[in-house]
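Participant: Sharing start22.txt (compact mmCIF, C-alpha atoms and all ligand atoms) below.
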```
# COMPACT_ATOMS: atom_id res chain seq x y z
CA MET A 11 28.15 35.17 11.85
CA LYS A 12 27.40 35.30 15.59
CA LYS A 13 29.39 32.84 17.71
CA ARG A 14 27.20 30.74 19.92
CA SER A 15 28.06 30.23 23.59
CA SER A 16 29.80 27.02 24.63
CA GLN A 17 26.84 26.28 26.93
CA SER A 18 24.37 26.20 24.02
CA SER A 19 26.70 24.03 21.92
CA GLU A 20 26.98 21.68 24.88
CA THR A 21 23.19 21.58 25.12
CA ARG A 22 22.98 21.04 21.39
CA SER A 23 25.35 18.10 21.42
CA LYS A 24 23.41 16.63 24.34
CA GLN A 25 20.25 16.93 22.25
CA ALA A 26 22.03 15.31 19.32
CA ILE A 27 23.01 12.39 21.53
CA GLU A 28 19.38 12.00 22.58
CA LYS A 29 18.12 11.71 19.03
CA LYS A 30 16.60 8.38 18.14
CA LYS A 31 17.93 6.82 14.95
CA ILE A 32 15.03 5.41 12.94
CA LEU A 33 15.71 3.46 9.79
CA ILE A 34 12.76 2.97 7.45
CA ALA A 35 13.07 0.02 5.07
CA PHE A 36 10.79 -0.75 2.13
CA GLY A 37 10.83 -1.75 -1.49
CA THR A 38 7.52 -1.47 -3.35
CA ARG A 39 5.08 1.21 -4.52
CA PRO A 40 2.30 0.54 -2.00
CA GLU A 41 4.76 0.57 0.89
CA ALA A 42 6.23 3.86 -0.34
CA ILE A 43 2.77 5.49 -0.60
CA LYS A 44 2.04 4.48 2.98
CA LEU A 45 5.47 5.21 4.48
CA CYS A 46 6.26 8.56 2.85
CA PRO A 47 3.76 10.42 5.09
CA LEU A 48 5.48 8.86 8.13
CA ILE A 49 8.95 9.76 6.82
CA LYS A 50 7.83 13.36 6.28
CA GLU A 51 6.35 13.49 9.78
CA LEU A 52 9.46 12.02 11.43
CA GLU A 53 11.69 14.42 9.51
CA LYS A 54 9.83 17.29 11.17
CA ARG A 55 10.54 15.93 14.64
CA GLU A 56 13.69 17.18 16.40
CA LYS A 57 14.19 13.96 18.28
CA ALA A 58 14.29 11.78 15.18
CA GLN A 59 17.27 11.01 13.01
CA VAL A 60 15.75 9.41 9.93
CA ARG A 61 17.45 7.05 7.50
CA VAL A 62 15.65 5.68 4.45
CA CYS A 63 16.68 2.33 2.96
CA ILE A 64 14.93 1.07 -0.17
CA SER A 65 15.37 -2.40 -1.59
CA SER A 66 14.02 -1.50 -5.06
CA GLN A 67 12.02 -4.75 -5.11
CA HIS A 68 9.90 -2.69 -7.55
CA LYS A 69 12.25 -0.21 -9.14
CA GLU A 70 10.41 2.15 -11.46
CA LEU A 71 7.09 2.21 -9.60
CA LEU A 72 8.88 2.98 -6.35
CA ARG A 73 11.04 5.82 -7.69
CA GLY A 74 8.00 7.71 -8.97
CA VAL A 75 6.38 7.73 -5.53
CA LEU A 76 9.57 8.90 -3.79
CA ASP A 77 9.88 11.77 -6.29
CA ASP A 78 6.23 12.73 -5.84
CA PHE A 79 6.59 12.93 -2.05
CA GLY A 80 10.07 14.48 -2.17
CA VAL A 81 11.69 11.63 -0.23
CA ARG A 82 15.35 10.74 -0.78
CA ALA A 83 16.76 7.28 -0.07
CA ASP A 84 20.00 7.06 1.89
CA TYR A 85 20.54 3.45 0.82
CA ASP A 86 19.36 1.46 -2.18
CA LEU A 87 19.87 -2.28 -1.90
CA GLY A 88 19.16 -2.62 -5.65
CA VAL A 89 17.74 -6.13 -5.39
CA MET A 90 15.52 -6.09 -8.49
CA SER A 91 16.43 -8.38 -11.38
CA THR A 92 14.53 -9.69 -14.37
CA SER A 93 12.32 -12.68 -13.54
CA GLN A 94 13.19 -12.34 -9.85
CA THR A 95 11.89 -15.03 -7.55
CA LEU A 96 10.96 -14.86 -3.89
CA PHE A 97 14.24 -16.64 -3.16
CA ASP A 98 16.19 -13.90 -4.95
CA VAL A 99 14.46 -11.05 -3.15
CA THR A 100 14.61 -12.64 0.32
CA GLU A 101 18.25 -13.64 0.01
CA ARG A 102 19.43 -10.30 -1.40
CA VAL A 103 17.54 -8.12 1.05
CA LEU A 104 18.68 -10.21 4.01
CA GLU A 105 22.33 -10.13 2.97
CA ARG A 106 22.48 -6.51 1.79
CA ILE A 107 20.53 -4.90 4.61
CA ARG A 108 22.88 -6.55 7.07
CA GLU A 109 25.64 -4.16 5.97
CA VAL A 110 23.36 -1.15 6.31
CA LEU A 111 22.25 -2.20 9.78
CA SER A 112 25.82 -2.85 10.89
CA ARG A 113 26.86 0.58 9.71
CA GLU A 114 23.89 2.53 11.06
CA MET A 115 23.02 0.53 14.18
CA PRO A 116 19.53 2.13 14.32
CA ASP A 117 17.49 2.28 17.52
CA VAL A 118 14.52 0.96 15.59
CA VAL A 119 13.73 -0.23 12.06
CA VAL A 120 10.31 0.54 10.59
CA VAL A 121 8.83 -1.90 8.08
CA HIS A 122 5.42 -1.91 6.49
CA GLY A 123 2.77 -4.48 5.72
CA ASP A 124 3.54 -7.76 4.09
CA THR A 125 6.15 -7.59 1.35
CA THR A 126 9.16 -9.86 1.03
CA THR A 127 11.37 -6.81 1.62
CA ALA A 128 9.58 -6.14 4.92
CA PHE A 129 9.86 -9.80 5.91
CA ALA A 130 13.58 -10.12 5.10
CA ALA A 131 14.42 -6.77 6.73
CA SER A 132 12.61 -7.73 9.93
CA LEU A 133 14.34 -11.12 9.95
CA ALA A 134 17.72 -9.36 9.65
CA CYS A 135 16.74 -7.13 12.60
CA PHE A 136 15.74 -10.19 14.60
CA TYR A 137 19.13 -11.80 13.95
CA MET A 138 20.86 -8.56 15.01
CA ASN A 139 18.60 -7.86 17.98
CA ILE A 140 17.37 -4.53 16.57
CA PRO A 141 13.78 -3.53 17.51
CA VAL A 142 11.27 -3.63 14.65
CA ALA A 143 8.25 -1.35 14.30
CA HIS A 144 5.57 -2.84 12.06
CA VAL A 145 3.24 -0.38 10.36
CA GLU A 146 -0.08 -1.78 9.11
CA ALA A 147 0.21 -4.69 11.52
CA GLY A 148 -2.47 -7.28 12.20
CA LEU A 149 -4.11 -7.65 8.78
CA ARG A 150 -5.07 -11.28 8.26
CA THR A 151 -7.02 -13.45 5.85
CA LYS A 152 -6.24 -16.40 8.17
CA ASN A 153 -5.27 -18.43 5.10
CA ILE A 154 -1.49 -18.78 5.17
CA ARG A 155 -1.36 -19.38 1.39
CA SER A 156 -3.54 -16.46 0.37
CA PRO A 157 -2.46 -13.88 -0.47
CA PHE A 158 0.84 -15.60 -1.22
CA PRO A 159 3.38 -14.94 0.22
CA GLU A 160 1.95 -11.85 1.95
CA GLU A 161 -0.08 -13.62 4.65
CA PHE A 162 3.02 -15.54 5.72
CA ASN A 163 5.14 -12.39 5.59
CA ARG A 164 2.84 -10.37 7.82
CA ARG A 165 2.54 -13.15 10.40
CA ALA A 166 6.31 -13.68 10.43
CA ILE A 167 6.97 -9.94 10.82
CA ALA A 168 4.63 -9.90 13.83
CA LEU A 169 6.87 -12.47 15.51
CA THR A 170 9.86 -10.14 15.24
CA ALA A 171 8.16 -6.81 16.03
CA ARG A 172 8.50 -4.74 19.19
CA TYR A 173 5.89 -2.16 18.08
CA HIS A 174 2.72 -3.22 16.24
CA PHE A 175 0.93 -0.28 14.61
CA ALA A 176 -2.50 -1.66 13.81
CA PRO A 177 -4.69 0.40 11.48
CA THR A 178 -8.00 -0.72 13.03
CA MET A 179 -9.42 -2.40 16.13
CA SER A 180 -10.03 -5.59 14.18
CA ALA A 181 -6.32 -5.73 13.26
CA ARG A 182 -5.55 -5.30 16.97
CA GLN A 183 -7.88 -8.22 17.78
CA ASN A 184 -6.07 -10.42 15.25
CA LEU A 185 -2.76 -9.69 16.95
CA LEU A 186 -4.15 -10.33 20.44
CA ARG A 187 -5.49 -13.69 19.23
CA GLU A 188 -1.95 -14.60 18.16
CA GLY A 189 -0.66 -13.87 21.64
CA ILE A 190 0.92 -10.47 21.00
CA ASP A 191 1.09 -8.38 24.19
CA GLY A 192 -1.62 -5.70 24.04
CA GLU A 193 0.81 -3.12 25.46
CA ASN A 194 2.85 -3.30 22.28
CA ILE A 195 -0.13 -2.80 19.94
CA PHE A 196 -1.12 0.76 19.00
CA VAL A 197 -4.24 1.43 16.95
CA THR A 198 -3.32 4.40 14.78
CA GLY A 199 -5.39 4.26 11.59
CA ASN A 200 -3.76 3.66 8.24
CA THR A 201 -1.08 6.06 6.99
CA VAL A 202 -2.57 5.90 3.49
CA ILE A 203 -5.36 8.16 4.74
CA ASP A 204 -2.65 10.68 5.72
CA ALA A 205 -1.30 10.44 2.16
CA LEU A 206 -4.70 11.27 0.66
CA SER A 207 -4.81 14.61 2.44
CA THR A 208 -1.71 15.70 0.53
CA THR A 209 -2.58 14.22 -2.87
CA VAL A 210 -6.28 14.83 -3.59
CA SER A 211 -7.08 18.25 -5.02
CA PRO A 212 -10.33 19.81 -6.30
CA HIS A 213 -8.35 21.43 -9.14
CA PHE A 214 -6.98 18.25 -10.66
CA ALA A 215 -7.16 17.89 -14.44
CA HIS A 216 -5.80 15.07 -16.60
CA PRO A 217 -6.10 13.98 -20.23
CA LEU A 218 -7.60 10.67 -19.06
CA LEU A 219 -10.55 12.63 -17.66
CA ASP A 220 -11.13 14.56 -20.92
CA GLY A 221 -13.12 11.69 -22.42
CA ALA A 222 -14.97 11.08 -19.16
CA ILE A 223 -17.29 14.08 -19.14
CA GLY A 224 -20.83 12.84 -18.48
CA LYS A 225 -19.58 9.29 -17.94
CA ARG A 226 -19.39 7.08 -14.90
CA ILE A 227 -15.75 6.16 -14.29
CA ILE A 228 -14.89 2.68 -13.09
CA PHE A 229 -11.32 2.60 -11.83
CA PHE A 230 -9.90 -0.84 -12.56
CA THR A 231 -6.68 -2.59 -11.49
CA ALA A 232 -5.76 -6.28 -11.48
CA HIS A 233 -2.34 -7.83 -11.13
CA ARG A 234 -2.19 -10.09 -8.09
CA ARG A 235 0.07 -13.06 -8.57
CA GLU A 236 -2.75 -15.50 -7.68
CA ASN A 237 -5.15 -13.84 -10.18
CA ILE A 238 -2.99 -14.01 -13.31
CA CYS A 239 -4.64 -17.27 -14.45
CA SER A 240 -8.14 -15.74 -14.16
CA LEU A 241 -7.17 -12.38 -15.64
CA GLU A 242 -8.46 -13.03 -19.15
CA ASP A 243 -11.90 -14.05 -17.83
CA MET A 244 -11.97 -10.94 -15.60
CA LEU A 245 -11.10 -8.68 -18.54
CA ARG A 246 -13.73 -10.28 -20.76
CA ALA A 247 -16.29 -9.23 -18.14
CA VAL A 248 -15.03 -5.64 -18.51
CA PHE A 249 -15.44 -5.92 -22.29
CA ARG A 250 -19.06 -7.03 -21.89
CA LEU A 251 -19.75 -4.26 -19.37
CA VAL A 252 -18.68 -1.44 -21.68
CA GLU A 253 -20.73 -2.98 -24.49
CA LYS A 254 -23.79 -2.91 -22.24
CA TYR A 255 -23.21 0.54 -20.65
CA PRO A 256 -22.11 3.23 -23.14
CA ASP A 257 -22.11 5.83 -20.32
CA VAL A 258 -19.36 3.95 -18.45
CA LEU A 259 -15.64 4.56 -18.90
CA PHE A 260 -13.12 2.15 -17.45
CA ILE A 261 -9.73 3.62 -16.54
CA TYR A 262 -7.23 0.80 -16.23
CA PRO A 263 -3.58 1.49 -15.31
CA VAL A 264 -1.90 -1.68 -16.53
CA HIS A 265 0.81 -3.20 -14.37
CA PRO A 266 4.19 -3.52 -16.17
CA ASN A 267 4.30 -7.30 -15.61
CA PRO A 268 4.39 -8.58 -19.24
CA ARG A 269 1.91 -11.37 -18.44
CA VAL A 270 -0.60 -8.73 -17.35
CA ARG A 271 0.20 -6.23 -20.11
CA ASP A 272 -0.12 -8.75 -22.94
CA VAL A 273 -3.57 -10.00 -21.95
CA ALA A 274 -4.84 -6.47 -21.21
CA GLU A 275 -3.76 -5.28 -24.67
CA ARG A 276 -5.23 -8.33 -26.39
CA VAL A 277 -8.64 -8.27 -24.68
CA LEU A 278 -9.21 -4.53 -24.16
CA GLY A 279 -6.69 -2.77 -26.42
CA ARG A 280 -9.29 -1.73 -29.03
CA CYS A 281 -12.20 -1.15 -26.74
CA ASP A 282 -13.63 2.42 -26.84
CA GLY A 283 -15.05 2.29 -23.32
CA VAL A 284 -11.71 1.35 -21.75
CA LYS A 285 -8.70 3.63 -21.35
CA LEU A 286 -5.64 1.51 -20.82
CA CYS A 287 -2.69 3.49 -19.48
CA SER A 288 0.69 3.02 -17.86
CA PRO A 289 0.82 2.92 -14.06
CA LEU A 290 -0.26 6.32 -12.76
CA GLY A 291 1.68 8.51 -10.39
CA VAL A 292 0.22 8.63 -6.92
CA TYR A 293 -1.34 12.11 -7.45
CA GLU A 294 -3.01 11.01 -10.69
CA CYS A 295 -4.15 7.75 -9.13
CA HIS A 296 -5.71 9.29 -6.02
CA ASN A 297 -7.39 12.10 -7.94
CA ILE A 298 -8.90 9.86 -10.58
CA LEU A 299 -10.00 7.50 -7.83
CA ALA A 300 -11.71 10.41 -6.05
CA ARG A 301 -13.72 11.11 -9.22
CA SER A 302 -14.75 7.51 -9.81
CA TYR A 303 -18.21 5.97 -9.56
CA LEU A 304 -16.90 2.55 -8.61
CA VAL A 305 -13.58 0.74 -8.09
CA LEU A 306 -13.05 -2.77 -9.38
CA THR A 307 -9.76 -4.14 -8.11
CA ASP A 308 -7.74 -6.93 -6.56
CA SER A 309 -5.51 -4.41 -4.75
CA GLY A 310 -5.32 -4.07 -0.99
CA GLY A 311 -4.48 -0.38 -0.67
CA LEU A 312 -7.15 0.75 -3.11
CA GLN A 313 -9.80 -0.74 -0.80
CA GLU A 314 -8.70 1.66 1.95
CA GLU A 315 -8.24 4.68 -0.30
CA ALA A 316 -11.61 4.25 -2.00
CA ALA A 317 -13.34 3.87 1.39
CA ALA A 318 -11.80 7.15 2.54
CA LEU A 319 -12.93 8.86 -0.67
CA GLY A 320 -16.49 7.50 -0.48
CA VAL A 321 -16.17 5.35 -3.59
CA PRO A 322 -17.61 1.80 -3.40
CA VAL A 323 -15.23 -1.08 -4.13
CA LEU A 324 -15.78 -4.50 -5.62
CA VAL A 325 -12.85 -6.71 -4.68
CA MET A 326 -11.89 -9.33 -7.25
CA ARG A 327 -10.63 -11.84 -4.72
CA ASP A 328 -12.14 -14.69 -2.71
CA GLU A 329 -10.98 -13.26 0.60
CA THR A 330 -9.60 -10.00 1.92
CA GLU A 331 -7.63 -8.87 4.93
CA ARG A 332 -9.51 -5.52 4.78
CA CYS A 333 -12.65 -6.93 6.44
CA ASP A 334 -13.75 -3.65 8.05
CA GLY A 335 -14.92 -2.26 4.70
CA ILE A 336 -16.83 -5.45 3.93
CA LYS A 337 -18.58 -5.38 7.32
CA LEU A 338 -19.66 -1.78 6.78
CA GLY A 339 -20.87 -2.52 3.24
CA ILE A 340 -18.45 -0.07 1.54
CA SER A 341 -16.82 -2.94 -0.31
CA ALA A 342 -17.85 -6.43 -1.40
CA LEU A 343 -15.99 -9.54 -2.48
CA VAL A 344 -16.86 -10.65 -6.01
CA GLY A 345 -14.25 -13.37 -6.60
CA THR A 346 -12.40 -13.75 -9.88
CA LYS A 347 -15.01 -15.38 -12.15
CA GLY A 348 -16.00 -13.14 -15.06
CA HIS A 349 -19.75 -13.83 -14.89
CA LYS A 350 -19.92 -12.99 -11.16
CA ILE A 351 -17.97 -9.75 -11.67
CA PHE A 352 -20.28 -8.81 -14.55
CA GLU A 353 -23.43 -9.45 -12.51
CA LYS A 354 -22.29 -7.51 -9.47
CA VAL A 355 -21.12 -4.48 -11.46
CA CYS A 356 -24.47 -4.46 -13.33
CA GLU A 357 -26.28 -4.55 -9.98
CA ILE A 358 -24.51 -1.37 -8.86
CA LEU A 359 -24.73 0.41 -12.22
CA ASP A 360 -28.48 -0.31 -12.38
CA ASN A 361 -29.23 0.76 -8.81
CA SER A 362 -28.07 4.24 -7.86
CA GLU A 363 -29.52 3.88 -4.36
CA LEU A 364 -27.33 0.85 -3.73
CA ARG A 365 -24.30 2.80 -4.95
CA GLU A 366 -25.29 5.69 -2.68
CA ARG A 367 -25.64 3.40 0.35
CA MET A 368 -22.23 1.84 -0.30
CA SER A 369 -20.54 5.23 -0.54
CA CYS A 370 -22.15 6.87 2.48
CA SER A 371 -20.73 4.68 5.19
CA GLU A 372 -18.07 5.84 7.63
CA ASN A 373 -14.41 5.25 6.75
CA PRO A 374 -12.99 2.59 9.09
CA TYR A 375 -9.36 3.03 8.04
CA GLY A 376 -8.30 6.15 9.89
CA ASP A 377 -8.63 9.90 10.33
CA GLY A 378 -5.43 11.04 8.61
CA ASN A 379 -3.34 11.29 11.79
CA ALA A 380 -1.69 7.87 11.76
CA SER A 381 1.82 9.19 11.02
CA LYS A 382 1.64 11.60 13.95
CA ALA A 383 0.44 8.84 16.30
CA ILE A 384 3.19 6.44 15.15
CA SER A 385 5.88 9.14 15.49
CA ASP A 386 4.69 9.95 19.00
CA VAL A 387 5.07 6.32 20.08
CA LEU A 388 8.46 5.85 18.39
CA LEU A 389 9.88 8.99 19.96
CA ILE A 390 8.73 8.45 23.57
N1 LIG B 1 -1.51 3.02 -7.43
C1 LIG B 1 -0.82 4.02 -8.11
N2 LIG B 1 -0.87 4.02 -9.48
C2 LIG B 1 -1.58 3.12 -10.18
C3 LIG B 1 -2.28 2.10 -9.48
C4 LIG B 1 -2.22 2.08 -8.10
O1 LIG B 1 -0.17 4.88 -7.51
O2 LIG B 1 -1.58 3.18 -11.40
C5 LIG B 1 -1.44 3.01 -5.96
C6 LIG B 1 -2.77 2.97 -5.26
O3 LIG B 1 -3.22 4.27 -4.97
C7 LIG B 1 -2.45 2.19 -4.00
C8 LIG B 1 -1.31 1.28 -4.40
O4 LIG B 1 -0.79 1.80 -5.60
O5 LIG B 1 -1.99 3.03 -2.96
C9 LIG B 1 -1.80 -0.12 -4.59
O6 LIG B 1 -0.79 -0.88 -5.12
P1 LIG B 1 -0.93 -2.44 -5.39
O7 LIG B 1 -2.31 -2.74 -5.87
O8 LIG B 1 0.21 -2.78 -6.26
O9 LIG B 1 -0.61 -3.11 -4.00
P2 LIG B 1 -1.46 -3.54 -2.75
O10 LIG B 1 -2.17 -2.33 -2.25
O11 LIG B 1 -2.38 -4.63 -3.18
O12 LIG B 1 -0.43 -4.00 -1.78
```
Write out the structure in this file as structure tokens.

Facilitator:
Amino acid sequence: MKKRSSQSSETRSKQAIEKKKILIAFGTRPEAIKLCPLIKELEKREKAQVRVCISSQHKELLRGVLDDFGVRADYDLGVMSTSQTLFDVTERVLERIREVLSREMPDVVVVHGDTTTAFAASLACFYMNIPVAHVEAGLRTKNIRSPFPEEFNRRAIALTARYHFAPTMSARQNLLREGIDGENIFVTGNTVIDALSTTVSPHFAHPLLDGAIGKRIIFFTAHRRENICSLEDMLRAVFRLVEKYPDVLFIYPVHPNPRVRDVAERVLGRCDGVKLCSPLGVYECHNILARSYLVLTDSGGLQEEAAALGVPVLVMRDETERCDGIKLGISALVGTKGHKIFEKVCEILDNSELRERMSCSENPYGDGNASKAISDVLLI
């Protein structure tokens, strides 16, 4: 092997010293889907030294996403336990990430969105005077108790953050209204749009789609904590919809939460027009979504993904922090009452022009370059 000159090794070590140590901390599936594109982008940059710390707030769902994107965690805080409460997660993340931060002493810690992992990690950084970069900053319902505890988490993270990466101008406005300095807010688009460019393929095939030929697929998910009490009523609406429309197929990945699984099995388990399945991998999810006629969900991320894929969304919540889609008419709030959900889905299934109008609008959530923009700012 050729020996390199001492000058170049000197230059190399100087470069190594100039690297910025960026620790990325997260714990759930949606955070992983939105942070993996950023991790991959940062790993390509010479100036970045990347460390990944997962809390495993959601264990199985998270692992699948990391495997799909080929991301390896340097630290796993292993906080998940059966029947975990918000107290458990907050306390364990706060205490365990402290050790990681003390050992790594990163230049900046990246957190995402509104989870309890993100909140506790940013609080730990605040205590240790480590700069926080908040990805997907500025989303607000303006109701501190809804979604719970996410609206509190995202507002609290904003208080600790040095960099606020807002996906849209309206998120930026929310932050400005709270007194955040405009110089620290960067409108980048949402990193989930970056993820879609690596996951969606025209050649995708899946057994779930075998029974869907000639049918209109409605992609369905529901598992928000605040919707569990209404879930049975919501699922009865689905039952009535497939009775009325034999050309419709619901694909419903059921969340592993036993309270969700039990009611889904009981109400829809024997229903021909509904395919219940285990949570899908991110490739399966995005590709089935891309082939759907409509999305019916209480999820946040699916509202952005569906908008980017031109699929209309009915949101089974009373309020949403993704207001841009509502303003443009790509998505609509339908609440959690079964009869309202039934009526609104019928309206779209009976009116193809309405469906067309909802799917033709521009996508407000980004152009697929958010990870690049965030990396550029972090590595200045
Ligand atoms: N998702 C997935 N498999 C599924 C259902 C959803 O990979 O079976 C993805 C989906 O594409 C989206 C995210 O999980 O990116 C949404 O997760 P969730 O609804 O749990 O969280 P939220 O977006 O509301 O924070």

Participant: Could I get the residue neighbourhood of ligand LIG 1 (chain B) at 10 Å, counting only C-alpha atoms and all ligand atoms, as a ChimeraX atom specification?

Facilitator: /A:38-44,68,71-72,74-75,123-125,157,160,202-203,205-206,229-234,261-265,287-299,307-316

Participant: Can you tell me which residues surround segment 330-340 of chain A at a distance of at most 6 Å, considering only C-alpha atoms, apart from same-chain residues fewer than 4 positions away, and format the answer as a ChimeraX atom specification?

Facilitator: /A:149-151,322,368

Participant: So which residues touch segment 266-281 of chain A within 7 Å, counting only C-alpha atoms, skipping near sequence neighbours fewer than 3 positions away, as a VMD selection string?

Facilitator: chain A and resid 233 242 245 to 246 249 284

Participant: Would you work out the distance separating atom CA of Asn361 of chain A from atom CA of Gly224 of chain A, expressed in Å to one decimal?

Facilitator: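 So the answer is 17.6 Å.
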
Participant: Tell me which protein, DNA and RNA residues are within 10 Å of segment 126-137 of chain A, counting all atoms listed in the file, leaving out same-chain ones fewer than 5 positions away, and put them as a short mmCIF file (atom, residue, chain, number, x, y, z; two decimals) with C-alpha atoms, in the frame of the given file.

Facilitator:
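Done, and the output landed in around12.cif:
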```
data_model
loop_
_atom_site.label_atom_id
_atom_site.label_comp_id
_atom_site.auth_asym_id
_atom_site.auth_seq_id
_atom_site.Cartn_x
_atom_site.Cartn_y
_atom_site.Cartn_z
CA ILE A 34 12.76 2.97 7.45
CA ALA A 35 13.07 0.02 5.07
CA PHE A 36 10.79 -0.75 2.13
CA GLY A 37 10.83 -1.75 -1.49
CA THR A 38 7.52 -1.47 -3.35
CA GLU A 41 4.76 0.57 0.89
CA ILE A 64 14.93 1.07 -0.17
CA SER A 65 15.37 -2.40 -1.59
CA SER A 66 14.02 -1.50 -5.06
CA GLN A 67 12.02 -4.75 -5.11
CA VAL A 89 17.74 -6.13 -5.39
CA LEU A 96 10.96 -14.86 -3.89
CA PHE A 97 14.24 -16.64 -3.16
CA VAL A 99 14.46 -11.05 -3.15
CA THR A 100 14.61 -12.64 0.32
CA GLU A 101 18.25 -13.64 0.01
CA ARG A 102 19.43 -10.30 -1.40
CA VAL A 103 17.54 -8.12 1.05
CA LEU A 104 18.68 -10.21 4.01
CA GLU A 105 22.33 -10.13 2.97
CA ARG A 106 22.48 -6.51 1.79
CA ILE A 107 20.53 -4.90 4.61
CA ARG A 108 22.88 -6.55 7.07
CA LEU A 111 22.25 -2.20 9.78
CA PRO A 116 19.53 2.13 14.32
CA VAL A 118 14.52 0.96 15.59
CA VAL A 119 13.73 -0.23 12.06
CA VAL A 120 10.31 0.54 10.59
CA VAL A 121 8.83 -1.90 8.08
CA VAL A 142 11.27 -3.63 14.65
CA ALA A 143 8.25 -1.35 14.30
CA HIS A 144 5.57 -2.84 12.06
CA PRO A 159 3.38 -14.94 0.22
CA GLU A 160 1.95 -11.85 1.95
CA PHE A 162 3.02 -15.54 5.72
CA ASN A 163 5.14 -12.39 5.59
CA ARG A 164 2.84 -10.37 7.82
CA ARG A 165 2.54 -13.15 10.40
CA ALA A 166 6.31 -13.68 10.43
CA ILE A 167 6.97 -9.94 10.82
CA ALA A 168 4.63 -9.90 13.83
CA LEU A 169 6.87 -12.47 15.51
CA THR A 170 9.86 -10.14 15.24
CA ALA A 171 8.16 -6.81 16.03
#
```

Participant: Which is closer to Tyr303 of chain A than all the others in A:Val81, A:Ala222, A:Ala247, A:Ala383, using only C-alpha atoms?

Facilitator: A:Ala222

Participant: Between A:Arg250, A:Val387, A:Asn153, A:Met138, which one has atoms that come closest to Asp328 of chain A, using all atoms listed in the file?

Facilitator: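 Among the listed residues, A:Asn153 lies closest to Asp328 of chain A.
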
Participant: So what do you get for atom CA of Leu364 of chain A versus atom CA of Arg327 of chain A, distance-wise?

Facilitator: 21.0 Å

Participant: Nearest to Arg55 of chain A among A:Arg367, A:Lys382, A:His216, A:Arg226, with distances taken over only C-alpha atoms: which residue is it?

Facilitator: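 Answer, going by the shortest atom-to-atom distance: A:Lys382.
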
Participant: Would you mind telling me which residue in A:Ile228, A:Arg73, A:Ile32, A:Gly148 lies nearest to Glu161 of chain A when using all atoms listed in the file?

Facilitator: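 For Glu161 of chain A, the nearest of the given residues is A:Gly148.
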
Participant: Which residue gives the smallest distance to Ser371 of chain A among A:Ser91, A:Met326, A:Lys347, A:Ala317, with only C-alpha atoms counted?

Facilitator: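 Selected residue with least distance to Ser371 of chain A: A:Ala317.
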
Participant: Interatomic distance between atom CA of Asp204 of chain A and atom CA of Cys370 of chain A?

Facilitator: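 Computing the Euclidean distance for atom CA of Asp204 of chain A and atom CA of Cys370 of chain A yields 20.1 Å.
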
Participant: From the list A:Lys30, A:Glu56, A:Asp386, A:Asp84, which residue is nearest Asp117 of chain A when using all atoms listed in the file?

Facilitator: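 Of A:Lys30, A:Glu56, A:Asp386, A:Asp84, the one nearest Asp117 of chain A, counting all atoms listed in the file, is A:Lys30.
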
Participant: Please tell me which residues are no farther than 12 Å from (11.7, 16.8, 11.9) in the file, counting all atoms listed in the file, and write them as a PDB file with C-alpha atoms, in the frame of the given file.

Facilitator:
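Saved as selection_33.pdb:
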```pdb
ATOM      1  CA  LYS A  29      18.120  11.710  19.030  1.00  0.00           C
ATOM      2  CA  LYS A  30      16.600   8.380  18.140  1.00  0.00           C
ATOM      3  CA  ILE A  32      15.030   5.410  12.940  1.00  0.00           C
ATOM      4  CA  LEU A  48       5.480   8.860   8.130  1.00  0.00           C
ATOM      5  CA  ILE A  49       8.950   9.760   6.820  1.00  0.00           C
ATOM      6  CA  LYS A  50       7.830  13.360   6.280  1.00  0.00           C
ATOM      7  CA  GLU A  51       6.350  13.490   9.780  1.00  0.00           C
ATOM      8  CA  LEU A  52       9.460  12.020  11.430  1.00  0.00           C
ATOM      9  CA  GLU A  53      11.690  14.420   9.510  1.00  0.00           C
ATOM     10  CA  LYS A  54       9.830  17.290  11.170  1.00  0.00           C
ATOM     11  CA  ARG A  55      10.540  15.930  14.640  1.00  0.00           C
ATOM     12  CA  GLU A  56      13.690  17.180  16.400  1.00  0.00           C
ATOM     13  CA  LYS A  57      14.190  13.960  18.280  1.00  0.00           C
ATOM     14  CA  ALA A  58      14.290  11.780  15.180  1.00  0.00           C
ATOM     15  CA  GLN A  59      17.270  11.010  13.010  1.00  0.00           C
ATOM     16  CA  VAL A  60      15.750   9.410   9.930  1.00  0.00           C
ATOM     17  CA  LYS A 382       1.640  11.600  13.950  1.00  0.00           C
ATOM     18  CA  SER A 385       5.880   9.140  15.490  1.00  0.00           C
ATOM     19  CA  LEU A 389       9.880   8.990  19.960  1.00  0.00           C
TER      20      LEU A 389
END
```
